[in-house]
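Asks: This structure is in structure tokens; I'll ask about it shortly.
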Amino acid sequence: MSIIEARVPVNSGPPAHFHKERDELFEILEGTFRFRVGDDQFDAPAGTSVVIPRGVGHTWANVGTNQARILLIFTPGGMEEFFP
């Protein structure tokens with residue numbers, strides 16, 4: 001398992017992608033993020049959990065007006081090298 005806390009600038013997030021070998025869970029700590037998971041799009045404010053099974057395309061971005069915080073949890077782990 002990898003657990004990473006990220007501070008995300010406004011309008012920032014990764015391009016659409018999927019993980020072939022990992023499930024991903026997000027915990028929104030501060031701010032609001034917009035997620036696209038498969039064909040669904042939704043906003044996730046602080047306190048929201050989002051689970052993305054391996055193989056499902058997704059992206060997310062901070063859509064608030066301030067820097068936001070998000071907790072990323074990958075299982076199995078091994079994602080640490082992708083985050084500075």
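Chain lettering (A, B, ...) mirrors the order of the structure tokens, residue numbering begins at 1 for each chain separately, and ligand numbering begins at 1 in order of display.
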Residues of region 25-83 of chain A classed as strand (DSSP E) by DSSP on the backbone are to be reported as an MDAnalysis selection string.
Replies: chainID A and resid 25:30 32:37 40:45 49:52 58:62 68:75
Asks: Which neighbours of region 68-71 of chain A fall inside 12 Å, counting only C-alpha atoms, when residues of the same chain fewer than 3 positions from it are skipped, and could you give them as a count of residues only?
Replies: 38
Asks: Quick one: residues within 6 Å of region 75-78 of chain A, only C-alpha atoms counted, chain neighbours fewer than 6 positions away excluded, as a ChimeraX atom specification?
Replies: /A:1-2,22-23
Asks: Could you tell me how far CA of Phe42 (chain A) sits from CA of Gln67 (chain A), in Å to one decimal place?
Replies: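 Going from CA of Gln67 (chain A) over to CA of Phe42 (chain A), I get 19.0 Å.
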Asks: Please indicate the distance in Å from CA of Gln41 (chain A) to CA of Leu72 (chain A), rounded to one decimal place.
Replies: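 Between CA of Gln41 (chain A) and CA of Leu72 (chain A) the gap is 18.5 Å.
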Asks: Would you work out the distance separating CA of His19 (chain A) from CA of Asn66 (chain A), expressed in Å to one decimal?
Replies: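 Those two atoms sit 28.2 Å apart.
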